[in-house]
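K.L.:
Attaching a single structure in structure tokens format; questions to follow.
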Amino acid sequence: MPRAPDHDSISNDALDAARRLVRDAERVVVLTGAGVSADSGVPTFRGAGGLWKEYRAEELATPRAFERDPRLVWEWYAWRRDIVRGCHPNAAHLALASFAASRDGVLIVTQNVDALHVRAAHDVARGDARALPVELHGSLFRARCTACGRREPHDEPVDASSVATLPVCARCGGLLRPDVVWFGESLDSRIIAHAFDAAARADVCLVIGTSAVVQPAASLAAATREAGGVVVEVNPEPTPLTAIADVSIRAGAARTVPSIVGQAAHGAP
Ligand code: OAD
């Protein structure tokens with residue numbers, strides 16, 4: 001009778017390969033999505049638990065949704081902030097922060113707005129700028145004025161019981177909105193250029209916990225590949241990027257990333 005595949009040894013081979021590629025790389029770009037925070041208890045957007053009340057993220061994270069019902073959209077963001085406040089960076093966030101702070105040539109690019117990479121940078125890398133992520137889609141903990149455009153850190157509780165109680169700009173009194181990128185909006189061109197430049201110069205693009213269906217983030221790995229680098233994917237499920245991944249680790253981030261980037265989760269640089 002044919003033997004069933006030995007899944008442990010398959011994943012160990014993949015882990016060894018990933019570890020070697022990362023160790024030998026001069027430049028590494030790390031792209032993360034909601035899956036890197038799943039082990040911290042932050043819900044992902046798609047898949048099980050991806051709904052809030054009867055709404056999908058795509059129905060609420062749009063400028064139209066905010067124009068139509070800013071109270072509802074703020075209520076959703078306040079709910080997400082509350083969840084994230086109760087979560088902590090996991091071993092993957094901590095290992096990545098430690099790795100990025102330990103050497104030059106590593107850039108963490110995240111689609112997440114949960115600020116867990118930022119908290120990890122403060123926890124294990126004393127806020128070392130090299131460990132701070134490029135936040136492609138903004139942050140739950142910043143707000144932007146819909147009238148004057150001023151951005152500000154925003155961590156206060158939001159009273160979303162009526163439009164009248166929503167947060168307003170300290171400078172001009174305009175309605176504030178979450179400082180996140182919504183569907184149908186463009187990403188900040190300088191931020192996206194910085195991320196693509198790093199991806200094109202990277203020897204390794206390490207893609208962790210993204211379904212890779214939202215552009216332009218999903219194309220970062222292709223930029224590395226087209227420039228001659230390799231792609232390593234960490235995701236329990238296959239994604240559209242699996243086809244161009246040189247190594248695929250079919251497992252969760254907290255379990256595998258610390259061993260791939262070779263940093264003890266709590267080791268300060
Ligand atoms: P998704 O929710 O689309 O995908 C999460 C991915 O994480 C899936 O591929 C899961 O298989 C994987 N995953 C789940 N648990 C994991 C674990 N423990 N370790 C590693 N991976 C795990 O989230 P994103 O790809 O981040 O955009 O979504 C991209 C963008 O779509 C978000 O930034 C957001 C959303 O709409 C905006 O809000 C603009």
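Ordering of the structure tokens sets the chain letters (A, B, ...), residue numbers begin anew at 1 in every chain, and ligands are numbered from 1 in the order given.
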Counting only C-alpha atoms and all ligand atoms, what residues are within 8 Å of ligand 1, given as a ChimeraX atom specification?
P.N.:
/A:32-39,43-47,50,57-58,61,110-113,137,180-183,208-214,234-239,251-254
K.L.:
Against region 94-104 of chain A, which residues of region 116-183 of chain A fall within 8 Å? For each one I want the closest pair of atoms and the distance in Å (one decimal), counting only C-alpha atoms, rows by chain and increasing residue number, as a tab-separated table.
P.N.:
residue	atom	partner	partner_atom	distance
A:His117	CA	A:Ala97	CA	7.1
A:Ala120	CA	A:Leu94	CA	5.1
A:Ala121	CA	A:Ala97	CA	5.1
A:Asp123	CA	A:Leu94	CA	7.6
A:Val124	CA	A:Ser98	CA	6.1
A:Ala125	CA	A:Ser98	CA	5.9
A:Asp128	CA	A:Ala101	CA	6.1
A:Ala129	CA	A:Ala101	CA	7.7
A:Arg130	CA	A:Ala101	CA	5.3
A:Ala131	CA	A:Ala97	CA	4.8
A:Leu132	CA	A:Ala97	CA	7.4
K.L.:
Where in region 63-220 of chain A does DSSP assign strand (DSSP E or B), given as JSON, numbers by chain?
P.N.:
{"A": [106, 107, 108, 109, 110, 134, 135, 138, 139, 140, 141, 142, 143, 144, 145, 151, 152, 153, 168, 175, 176, 177, 178, 179, 180, 204, 205, 206, 207, 208]}
K.L.:
Output N, CA, C and O atoms of each residue in that selection to a file, as a short mmCIF file (atom, residue, chain, number, x, y, z; two decimals), in the first residue's frame.
P.N.:
data_model
loop_
_atom_site.label_atom_id
_atom_site.label_comp_id
_atom_site.auth_asym_id
_atom_site.auth_seq_id
_atom_site.Cartn_x
_atom_site.Cartn_y
_atom_site.Cartn_z
N VAL A 106 15.78 45.19 5.88
CA VAL A 106 14.50 44.51 6.09
C VAL A 106 13.41 45.57 6.16
O VAL A 106 13.56 46.56 6.89
N LEU A 107 12.34 45.39 5.39
CA LEU A 107 11.21 46.31 5.49
C LEU A 107 9.93 45.51 5.70
O LEU A 107 9.64 44.58 4.94
N ILE A 108 9.19 45.87 6.75
CA ILE A 108 7.89 45.24 7.01
C ILE A 108 6.82 46.13 6.39
O ILE A 108 6.72 47.32 6.71
N VAL A 109 6.04 45.55 5.50
CA VAL A 109 4.94 46.27 4.85
C VAL A 109 3.66 45.55 5.26
O VAL A 109 3.55 44.33 5.05
N THR A 110 2.72 46.27 5.83
CA THR A 110 1.51 45.59 6.27
C THR A 110 0.26 46.21 5.66
O THR A 110 0.20 47.40 5.41
N VAL A 134 5.62 49.81 7.27
CA VAL A 134 4.90 50.68 6.33
C VAL A 134 3.45 50.23 6.40
O VAL A 134 3.15 49.06 6.12
N GLU A 135 2.56 51.12 6.82
CA GLU A 135 1.13 50.74 6.96
C GLU A 135 0.38 51.17 5.70
O GLU A 135 -0.07 52.32 5.58
N GLY A 138 -3.27 52.37 6.32
CA GLY A 138 -3.53 53.30 7.41
C GLY A 138 -3.59 52.61 8.76
O GLY A 138 -3.05 51.51 8.92
N SER A 139 -4.24 53.28 9.72
CA SER A 139 -4.26 52.75 11.09
C SER A 139 -5.59 53.06 11.75
O SER A 139 -6.14 54.15 11.60
N LEU A 140 -6.07 52.08 12.52
CA LEU A 140 -7.30 52.28 13.31
C LEU A 140 -7.10 53.36 14.36
O LEU A 140 -8.07 53.87 14.89
N PHE A 141 -5.84 53.65 14.69
CA PHE A 141 -5.56 54.55 15.79
C PHE A 141 -5.12 55.94 15.31
O PHE A 141 -4.43 56.66 16.02
N ARG A 142 -5.53 56.28 14.09
CA ARG A 142 -5.36 57.64 13.58
C ARG A 142 -6.69 58.07 12.96
O ARG A 142 -7.46 57.24 12.48
N ALA A 143 -6.93 59.37 12.95
CA ALA A 143 -8.14 59.90 12.29
C ALA A 143 -7.73 61.04 11.37
O ALA A 143 -6.62 61.59 11.48
N ARG A 144 -8.63 61.37 10.46
CA ARG A 144 -8.33 62.41 9.46
C ARG A 144 -9.58 63.28 9.32
O ARG A 144 -10.70 62.75 9.31
N CYS A 145 -9.38 64.59 9.21
CA CYS A 145 -10.53 65.50 9.10
C CYS A 145 -11.09 65.47 7.68
O CYS A 145 -10.34 65.62 6.72
N ARG A 151 -4.43 65.16 9.85
CA ARG A 151 -4.36 63.81 10.44
C ARG A 151 -3.95 63.91 11.89
O ARG A 151 -3.13 64.77 12.23
N GLU A 152 -4.47 63.04 12.72
CA GLU A 152 -4.05 63.04 14.12
C GLU A 152 -4.11 61.64 14.71
O GLU A 152 -4.94 60.83 14.27
N PRO A 153 -3.24 61.37 15.70
CA PRO A 153 -3.39 60.11 16.42
C PRO A 153 -4.77 60.13 17.08
O PRO A 153 -5.21 61.20 17.55
N VAL A 168 -14.85 65.16 16.18
CA VAL A 168 -14.62 66.26 15.23
C VAL A 168 -13.20 66.78 15.36
O VAL A 168 -12.53 66.58 16.38
N LEU A 175 -15.98 66.94 10.58
CA LEU A 175 -16.15 65.55 11.01
C LEU A 175 -14.86 64.77 10.76
O LEU A 175 -14.27 64.85 9.68
N LEU A 176 -14.42 64.02 11.77
CA LEU A 176 -13.25 63.15 11.57
C LEU A 176 -13.71 61.83 10.98
O LEU A 176 -14.84 61.39 11.20
N ARG A 177 -12.81 61.19 10.25
CA ARG A 177 -13.03 59.83 9.75
C ARG A 177 -11.82 58.98 10.13
O ARG A 177 -10.73 59.53 10.37
N PRO A 178 -11.97 57.67 10.17
CA PRO A 178 -10.78 56.85 10.43
C PRO A 178 -9.74 57.09 9.33
O PRO A 178 -10.10 57.26 8.16
N ASP A 179 -8.46 57.14 9.73
CA ASP A 179 -7.39 57.38 8.74
C ASP A 179 -6.95 56.05 8.15
O ASP A 179 -5.83 55.59 8.35
N VAL A 180 -7.87 55.46 7.43
CA VAL A 180 -7.60 54.19 6.75
C VAL A 180 -7.97 54.35 5.29
O VAL A 180 -8.73 55.24 4.94
N VAL A 204 14.33 38.38 -1.08
CA VAL A 204 13.22 37.54 -0.61
C VAL A 204 12.02 38.41 -0.27
O VAL A 204 12.16 39.43 0.42
N CYS A 205 10.86 38.01 -0.76
CA CYS A 205 9.61 38.60 -0.31
C CYS A 205 8.91 37.54 0.55
O CYS A 205 8.55 36.48 0.05
N LEU A 206 8.77 37.84 1.83
CA LEU A 206 8.14 36.91 2.77
C LEU A 206 6.69 37.38 2.97
O LEU A 206 6.45 38.45 3.52
N VAL A 207 5.76 36.59 2.45
CA VAL A 207 4.34 36.99 2.46
C VAL A 207 3.63 36.19 3.54
O VAL A 207 3.62 34.96 3.51
N ILE A 208 3.04 36.88 4.49
CA ILE A 208 2.47 36.20 5.67
C ILE A 208 1.00 36.57 5.87
O ILE A 208 0.67 37.75 6.05
#
K.L.:
Taking only residues of region 183-244 of chain A that have an atom at most 12 Å from an atom of region 62-68 of chain A, what is each one's shortest atom pair and its distance in Å to one decimal, using only C-alpha atoms, in chain and number order, as JSON lines?
P.N.:
{"residue": "A:Phe183", "atom": "CA", "partner": "A:Thr62", "partner_atom": "CA", "distance": 5.1}
{"residue": "A:Gly184", "atom": "CA", "partner": "A:Thr62", "partner_atom": "CA", "distance": 6.7}
{"residue": "A:Glu185", "atom": "CA", "partner": "A:Pro63", "partner_atom": "CA", "distance": 7.8}
{"residue": "A:Ser186", "atom": "CA", "partner": "A:Pro63", "partner_atom": "CA", "distance": 11.4}
K.L.:
Once you have the residues from the selection above, write them out as a PDB file, in the first residue's frame, restricted to C-alpha atoms.
P.N.:
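Ended up saving to again_14.pdb:
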ATOM      1  CA  PHE A 183     -12.202  50.557  -1.181  1.00  0.00           C
ATOM      2  CA  GLY A 184     -12.256  52.892  -4.168  1.00  0.00           C
ATOM      3  CA  GLU A 185      -9.598  55.185  -2.630  1.00  0.00           C
ATOM      4  CA  SER A 186      -5.990  55.459  -3.721  1.00  0.00           C
TER       5      SER A 186
END
K.L.:
Using only C-alpha atoms, which of the listed residues (A:Trp74, A:Trp79, A:Trp52, A:Phe196) sits closest to Leu220 (chain A)?
P.N.:
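Using only C-alpha atoms, the shortest distance to Leu220 (chain A) belongs to A:Phe196.
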K.L.:
From the set A:Asp114, A:Asp197, A:Asp246, A:Glu26, which residue has the shortest atom-to-atom contact distance to Ala227 (chain A), counting only C-alpha atoms?
P.N.:
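Closest residue, counting only C-alpha atoms: A:Asp197.
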K.L.:
Could you state the separation of CA of Gly86 (chain A) and CA of Thr256 (chain A) in Å, given to one decimal place?
P.N.:
23.4 Å
K.L.:
Ranking A:Arg85, A:Arg250, A:Arg56, A:Arg225 by minimum distance to Asp155 (chain A) and counting only C-alpha atoms, which one comes first?
P.N.:
A:Arg85
K.L.:
Hey, which of A:Arg19, A:Val163, A:Leu31, A:Ile260 ends up closest to Ala222 (chain A)? Count only C-alpha atoms.
P.N.:
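Going through A:Arg19, A:Val163, A:Leu31, A:Ile260 one by one, the smallest distance to Ala222 (chain A) is for A:Leu31.
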K.L.:
Neighbours of Trp76 (chain A) within 9 Å (only C-alpha atoms; same-chain residues fewer than 5 positions away dropped), as a list of chain:residue names?
P.N.:
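What passes the distance filter is A:Trp52, A:Leu60, A:Arg71, A:Arg81.
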K.L.:
Please, could you write that set of residues out with N, CA and C atoms as a compact mmCIF listing (two decimals), in the first residue's frame?
P.N.:
# COMPACT_ATOMS: atom_id res chain seq x y z
N TRP A 52 -19.45 41.40 10.24
CA TRP A 52 -19.83 42.18 11.42
C TRP A 52 -21.32 42.48 11.29
N LEU A 60 -18.70 48.39 4.24
CA LEU A 60 -18.53 49.46 5.22
C LEU A 60 -17.28 50.29 4.98
N ARG A 71 -22.25 57.37 11.12
CA ARG A 71 -22.41 56.79 12.45
C ARG A 71 -22.17 55.28 12.43
N ARG A 81 -11.56 48.72 16.98
CA ARG A 81 -10.55 49.24 17.92
C ARG A 81 -10.63 48.53 19.25
K.L.:
Quick check for you: according to DSSP on this backbone, which residues of region 52-228 of chain A are classed as alpha helix (DSSP H)? Reply as number ranges by chain.
P.N.:
A: 57-60, 63-68, 70-85, 91-102, 116-125, 189-201, 220-226
K.L.:
Those same residues - C-alpha atoms - I'd like them written as a short mmCIF file (atom, residue, chain, number, x, y, z; two decimals), in the first residue's frame.
P.N.:
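Once written, again-v4.cif looks like this:
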data_model
loop_
_atom_site.label_atom_id
_atom_site.label_comp_id
_atom_site.auth_asym_id
_atom_site.auth_seq_id
_atom_site.Cartn_x
_atom_site.Cartn_y
_atom_site.Cartn_z
CA ALA A 57 -15.96 44.74 5.22
CA GLU A 58 -16.44 45.71 1.57
CA GLU A 59 -19.83 47.28 2.38
CA LEU A 60 -18.53 49.46 5.22
CA PRO A 63 -16.33 56.53 1.06
CA ARG A 64 -19.95 55.98 -0.07
CA ALA A 65 -20.77 54.07 3.11
CA PHE A 66 -19.31 56.91 5.22
CA GLU A 67 -21.23 59.59 3.28
CA ARG A 68 -24.44 57.61 3.64
CA PRO A 70 -20.98 57.94 9.13
CA ARG A 71 -22.41 56.79 12.45
CA LEU A 72 -22.61 53.16 11.31
CA VAL A 73 -19.08 53.24 9.88
CA TRP A 74 -17.65 54.79 13.08
CA GLU A 75 -19.54 52.21 15.12
CA TRP A 76 -17.82 49.45 13.12
CA TYR A 77 -14.37 51.04 13.53
CA ALA A 78 -14.97 51.61 17.27
CA TRP A 79 -15.85 47.92 17.58
CA ARG A 80 -12.68 46.93 15.74
CA ARG A 81 -10.55 49.24 17.92
CA ASP A 82 -12.04 47.69 21.04
CA ILE A 83 -11.14 44.21 19.81
CA VAL A 84 -7.59 45.22 18.93
CA ARG A 85 -7.04 47.02 22.25
CA ALA A 91 5.25 35.62 18.39
CA ALA A 92 5.22 36.44 14.65
CA HIS A 93 4.90 40.23 15.17
CA LEU A 94 7.59 40.13 17.87
CA ALA A 95 10.00 38.02 15.84
CA LEU A 96 9.58 40.24 12.77
CA ALA A 97 10.18 43.41 14.81
CA SER A 98 13.27 41.89 16.36
CA PHE A 99 14.53 40.68 12.97
CA ALA A 100 14.00 44.07 11.28
CA ALA A 101 15.72 45.92 14.11
CA SER A 102 18.67 43.53 14.17
CA LEU A 116 0.21 45.34 16.20
CA HIS A 117 3.49 45.59 14.25
CA VAL A 118 3.98 49.07 15.73
CA ARG A 119 3.31 47.75 19.23
CA ALA A 120 5.74 44.88 18.61
CA ALA A 121 8.42 47.37 17.52
CA HIS A 122 7.97 49.18 20.83
CA ASP A 123 7.86 45.94 22.83
CA VAL A 124 11.02 44.25 21.54
CA ALA A 125 12.92 46.85 19.54
CA SER A 189 1.62 57.34 -3.69
CA ARG A 190 4.85 57.88 -1.68
CA ILE A 191 4.07 54.97 0.59
CA ILE A 192 3.28 52.62 -2.27
CA ALA A 193 6.40 53.72 -4.19
CA HIS A 194 8.55 53.03 -1.11
CA ALA A 195 7.04 49.53 -0.71
CA PHE A 196 7.41 48.62 -4.40
CA ASP A 197 10.96 49.93 -4.51
CA ALA A 198 11.85 47.70 -1.53
CA ALA A 199 10.04 44.73 -3.11
CA ALA A 200 11.89 45.13 -6.42
CA ARG A 201 15.26 45.27 -4.62
CA LEU A 220 4.41 43.28 -4.19
CA ALA A 221 5.52 39.65 -4.35
CA ALA A 222 5.37 39.73 -8.15
CA ALA A 223 7.63 42.80 -8.11
CA THR A 224 10.25 40.82 -6.15
CA ARG A 225 9.88 37.81 -8.44
CA GLU A 226 10.13 39.83 -11.66
#
